[in-house]
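Participant: Before we start, here is the structure in question, set down as structure tokens.
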There are 6 protein chains.
Amino acid sequence: MAVTKLIEYADASPEVRAVYDDIMAARKTDWVNNFWKALANDPVTLRRTWESIKQIMAPGALDPLTKEMVYVAVSVTNQCSYCIASHNAAARKRGMTDAMFHELMAVVGMANETNRLAAGYQVEIDDRFK
Amino acid sequence: MAVTKLIEYADASPEVRAVYDDIMAARKTDWVNNFWKALANDPVTLRRTWESIKQIMAPGALDPLTKEMVYVAVSVTNQCSYCIASHNAAARKRGMTDAMFHELMAVVGMANETNRLAAGYQVEIDDRFK
Amino acid sequence: MAVTKLIEYADASPEVRAVYDDIMAARKTDWVNNFWKALANDPVTLRRTWESIKQIMAPGALDPLTKEMVYVAVSVTNQCSYCIASHNAAARKRGMTDAMFHELMAVVGMANETNRLAAGYQVEIDDRFK
Amino acid sequence: MAVTKLIEYADASPEVRAVYDDIMAARKTDWVNNFWKALANDPVTLRRTWESIKQIMAPGALDPLTKEMVYVAVSVTNQCSYCIASHNAAARKRGMTDAMFHELMAVVGMANETNRLAAGYQVEIDDRFK
Amino acid sequence: MAVTKLIEYADASPEVRAVYDDIMAARKTDWVNNFWKALANDPVTLRRTWESIKQIMAPGALDPLTKEMVYVAVSVTNQCSYCIASHNAAARKRGMTDAMFHELMAVVGMANETNRLAAGYQVEIDDRFK
Amino acid sequence: MAVTKLIEYADASPEVRAVYDDIMAARKTDWVNNFWKALANDPVTLRRTWESIKQIMAPGALDPLTKEMVYVAVSVTNQCSYCIASHNAAARKRGMTDAMFHELMAVVGMANETNRLAAGYQVEIDDRFK
């Protein structure tokens, strides 16, 4: 199901094409995934979201692979199927192996479990953590 | 507020002390944080949870620092104050710098944003991601 | 996939038909969407849920369009595909334009982002907000 | 509890002060709330987040009060205490009355309820909504 | 912190007092907890919410203790501190022992973990479950 | 969509087969559902998760049916379609009737609603609940 019309490059306005071009250049690919084609219905949000992601996901104190794995961890926690699929692909492309994916899932699962144990037992924060 | 009574080492049963000893040995510290003292009310869950965490957080395909940062990312997404405080401390201990923390938060924030944009625009998963 | 059997009007009991009639009358339509046909398996919940929604979504201090957009915002935050699709349709029917939908999504995305930044940075509530 | 050090205006770098000044000018106030003082530890995120919020919350197809109420709705759904407190205050400032707040909460509560009924009953999306 | 003014019995209108009286009678207590005193600012929501809860939590196909434990499970999953505290108290009053609480928490923790493993591994629903 | 390859019994390693055999023996069935076939890509997580679930879901202070219904409640709250489908089936097998399912859903829906009312009204926890 896709209620939002996807804007293909051929049908895109110059401002949308400029973002598509930048996405493809930054990723060294010749295609744009559906997320951006849906956002393109709102060129302002398309531009702002892409500029933010490009800034945030660039190499810095954390490497791009770590960032993509964190993105997968959040998307899994939120049950966002689209984002799980797309960022899993992006993490693979950046070098995530099967073994890394398995350990990532184990940590995400465990964190979701202990988050609830901490809440359910109403654990007070230790002074040392404040 | 702390509804759950915290079990101190001095008052703990031998089976609980054994877990506390193992936690302190594994972490090379001389104290145990409140999460475990609360779980100690249920020695079976205490044991199982600690054994799972010990296995999952050990060095493997992912290093312990990356794992702790993923733990923080999940805890922040779930708004679990206790876990944010404790795993932030753990990540710091393993080498997370201010710069790394800032980038981690930026990725977590962005992922939570685009998870909703993908859902709200009802974006269909690209065939290439299946 | 639909595990829950949908109760069609022709097969419905008089008490379920009464709710269906009221839904169609209130909405000025000649059909009932699947949510209600699923709930009809439990006539008590069907009746209570419909009465609550009818009361809550009626014009009041907030107009019905604003209420439907808030409904979409919550459903997107919760990743509920059914509710996103149905309340998006309801909001459109009440006058939500493309431009309004785009701005709504931008706000929802941003709120989900800053909710996590506030949690991750463990920001203390300002005295002025208490 | 506030692990993150808050950066006061007097201690802020010129680039941080420039953002603070812009926030105060845009809001016609003479103070900056803790969220920004915490983000100021990362001037890049401070700048990007403020620029995004300024763009998104500006009057457009939706008026600023509606946007603030949507922000409250998301924050309540996510149980983010800081954001509930701060955006409730912002919505009040923009004209949200008690009656509007009460109706807003009623809609948010109801949406969270029916989001789960739709999921639990595994309701299939109606063809008319696709 | 409590932004919402709590309406005490002495200051309540007759319609609010009628709900308070009904709550105390149904619960065989002589006090009303803060949740209701906050909702009393909106008598319509107070009445509707109480009538719904009274209907839903009454003995039926599920006994009241099981219902209270399910309430705790949901509140823990959502990280709602108020609801964890109040429904934990209610479950205790209805007979939840320490052992039952511990097993409840173990199930809630595990479910939150496997919910993410299922999402992260993108597991397709078995035909037998459809 | 199923990105993760499912490991069938015929193709499984001895260590994976041992877990499958134990699952089938414990459940008195001759098949294994997709969740485990996906986890089997990571035999360590497969083994740990199964051992944990076997321990947690065994009869104890809470009976297995209550535990399965709590599992459904959490899965519905988290919008995890796979887990809703599989644990609903498991609860049915353990004796959950239509009437029980309907009441379960009513409680889950209500809890999700009041969780947000408590948060939105910023209700302070009663001293009696501390």
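Residue numbers start at 1 in each chain; chains themselves are named A, B, ... in the order of the structure tokens; ligands are numbered from 1 in the order shown.
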Once you count only C-alpha atoms, what closest atom pair and distance in Å to one decimal does each residue of chain F within 9 Å of chain D have, with rows by chain and rising residue number, as JSON lines?

Facilitator:
```
{"residue": "F:Val72", "atom": "CA", "partner": "D:Gly120", "partner_atom": "CA", "distance": 8.1}
{"residue": "F:Ala73", "atom": "CA", "partner": "D:Gly120", "partner_atom": "CA", "distance": 8.3}
{"residue": "F:Ser75", "atom": "CA", "partner": "D:Gly120", "partner_atom": "CA", "distance": 8.4}
{"residue": "F:Val76", "atom": "CA", "partner": "D:Gly120", "partner_atom": "CA", "distance": 5.3}
{"residue": "F:Thr77", "atom": "CA", "partner": "D:Arg116", "partner_atom": "CA", "distance": 6.0}
{"residue": "F:Asn78", "atom": "CA", "partner": "D:Arg116", "partner_atom": "CA", "distance": 8.5}
{"residue": "F:Gln79", "atom": "CA", "partner": "D:Ala119", "partner_atom": "CA", "distance": 6.1}
{"residue": "F:Cys80", "atom": "CA", "partner": "D:Ala119", "partner_atom": "CA", "distance": 8.3}
{"residue": "F:Ser81", "atom": "CA", "partner": "D:Ala119", "partner_atom": "CA", "distance": 7.4}
{"residue": "F:Ile84", "atom": "CA", "partner": "D:Gly120", "partner_atom": "CA", "distance": 6.7}
{"residue": "F:Ala85", "atom": "CA", "partner": "D:Gln122", "partner_atom": "CA", "distance": 8.2}
{"residue": "F:Asn88", "atom": "CA", "partner": "D:Gly120", "partner_atom": "CA", "distance": 8.9}
{"residue": "F:Met105", "atom": "CA", "partner": "D:Leu117", "partner_atom": "CA", "distance": 6.4}
{"residue": "F:Ala106", "atom": "CA", "partner": "D:Leu117", "partner_atom": "CA", "distance": 7.7}
{"residue": "F:Val108", "atom": "CA", "partner": "D:Arg116", "partner_atom": "CA", "distance": 7.2}
{"residue": "F:Gly109", "atom": "CA", "partner": "D:Glu113", "partner_atom": "CA", "distance": 4.2}
{"residue": "F:Met110", "atom": "CA", "partner": "D:Glu113", "partner_atom": "CA", "distance": 5.9}
{"residue": "F:Ala111", "atom": "CA", "partner": "D:Glu113", "partner_atom": "CA", "distance": 7.6}
{"residue": "F:Asn112", "atom": "CA", "partner": "D:Glu113", "partner_atom": "CA", "distance": 5.4}
{"residue": "F:Glu113", "atom": "CA", "partner": "D:Gly109", "partner_atom": "CA", "distance": 4.2}
{"residue": "F:Thr114", "atom": "CA", "partner": "D:Gly109", "partner_atom": "CA", "distance": 6.5}
{"residue": "F:Asn115", "atom": "CA", "partner": "D:Gly109", "partner_atom": "CA", "distance": 8.0}
{"residue": "F:Arg116", "atom": "CA", "partner": "D:Gly109", "partner_atom": "CA", "distance": 5.7}
{"residue": "F:Leu117", "atom": "CA", "partner": "D:Gly109", "partner_atom": "CA", "distance": 6.0}
{"residue": "F:Ala119", "atom": "CA", "partner": "D:Val76", "partner_atom": "CA", "distance": 6.0}
{"residue": "F:Gly120", "atom": "CA", "partner": "D:Val76", "partner_atom": "CA", "distance": 5.3}
{"residue": "F:Tyr121", "atom": "CA", "partner": "D:Met105", "partner_atom": "CA", "distance": 8.1}
{"residue": "F:Gln122", "atom": "CA", "partner": "D:Ser81", "partner_atom": "CA", "distance": 7.8}
```

Participant: Using DSSP assignments from the backbone, pull out every residue in chain F that falls under alpha helix (DSSP H) and give it to me as an MDAnalysis selection string.

Facilitator: chainID F and resid 14:27 34:39 43:57 64:77 81:93 98:120

Participant: Select, from E:Arg27, E:Arg48, E:Lys130, E:Lys67, the residue with the minimum atom-to-atom distance to Ala89 of chain F, counting only C-alpha atoms.

Facilitator: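 Among the listed residues, the smallest separation from Ala89 of chain F belongs to E:Lys130.
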
Participant: Do you know which residues are at most 10 Å from Ile23 of chain F counting only C-alpha atoms, after dropping those on the same chain fewer than 6 positions away, and could you put them as a short mmCIF file (atom, residue, chain, number, x, y, z; two decimals) with N, CA and C atoms, in the first residue's frame?

Facilitator:
```cif
data_model
loop_
_atom_site.label_atom_id
_atom_site.label_comp_id
_atom_site.auth_asym_id
_atom_site.auth_seq_id
_atom_site.Cartn_x
_atom_site.Cartn_y
_atom_site.Cartn_z
N ARG F 17 19.20 -27.86 15.16
CA ARG F 17 18.21 -28.94 15.24
C ARG F 17 17.88 -29.30 16.68
N THR F 29 4.29 -30.29 19.29
CA THR F 29 3.90 -30.07 17.90
C THR F 29 4.98 -30.66 17.00
N ASP F 30 4.71 -30.71 15.72
CA ASP F 30 5.71 -31.26 14.78
C ASP F 30 6.22 -30.19 13.82
N TRP F 31 6.08 -28.92 14.22
CA TRP F 31 6.62 -27.85 13.38
C TRP F 31 7.14 -26.71 14.24
N VAL F 32 7.94 -25.88 13.60
CA VAL F 32 8.57 -24.75 14.28
C VAL F 32 8.16 -23.49 13.51
N ASN F 33 7.77 -22.44 14.20
CA ASN F 33 7.31 -21.24 13.47
C ASN F 33 8.48 -20.36 13.01
N TRP F 36 11.61 -18.68 14.97
CA TRP F 36 12.78 -19.48 15.32
C TRP F 36 13.64 -19.79 14.10
N TRP F 50 15.44 -19.09 23.26
CA TRP F 50 14.56 -20.23 23.55
C TRP F 50 14.66 -20.65 25.02
N GLU F 51 15.86 -20.72 25.54
CA GLU F 51 16.02 -21.12 26.95
C GLU F 51 15.32 -20.11 27.86
N LYS F 54 11.49 -20.53 27.44
CA LYS F 54 11.03 -21.79 28.06
C LYS F 54 10.95 -21.61 29.57
#
```

Participant: Quote the spacing between atom CA of Thr49 of chain D and atom CA of Tyr82 of chain D in Å to one decimal place.

Facilitator: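 Going from atom CA of Thr49 of chain D over to atom CA of Tyr82 of chain D covers 16.4 Å.
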
Participant: Can you list, as a ChimeraX atom specification, every protein, DNA or RNA residue that comes within 12 Å of Val16 of chain B when you count only C-alpha atoms, leaving out same-chain residues fewer than 2 positions away?

Facilitator: /B:7-14,18-23,32,36-48,50

Participant: Just to confirm, what's the straight-line distance from atom CA of Ala91 of chain C to atom CA of Glu124 of chain B in Å (one decimal)?

Facilitator: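 Atom CA of Ala91 of chain C sits 21.3 Å away from atom CA of Glu124 of chain B.
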
Participant: For a quick check of understanding, using only C-alpha atoms, which of D:Ala90, D:Ile125, D:Cys83, D:Ile53 has the smallest distance to Thr66 of chain D?

Facilitator: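 Going through D:Ala90, D:Ile125, D:Cys83, D:Ile53 one by one, the smallest distance to Thr66 of chain D is for D:Ala90.
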
Participant: Could you please determine the separation between atom CA of His87 of chain A and atom CA of Val74 of chain A in Å, to one decimal place?

Facilitator: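 These two atoms are separated by 10.3 Å.
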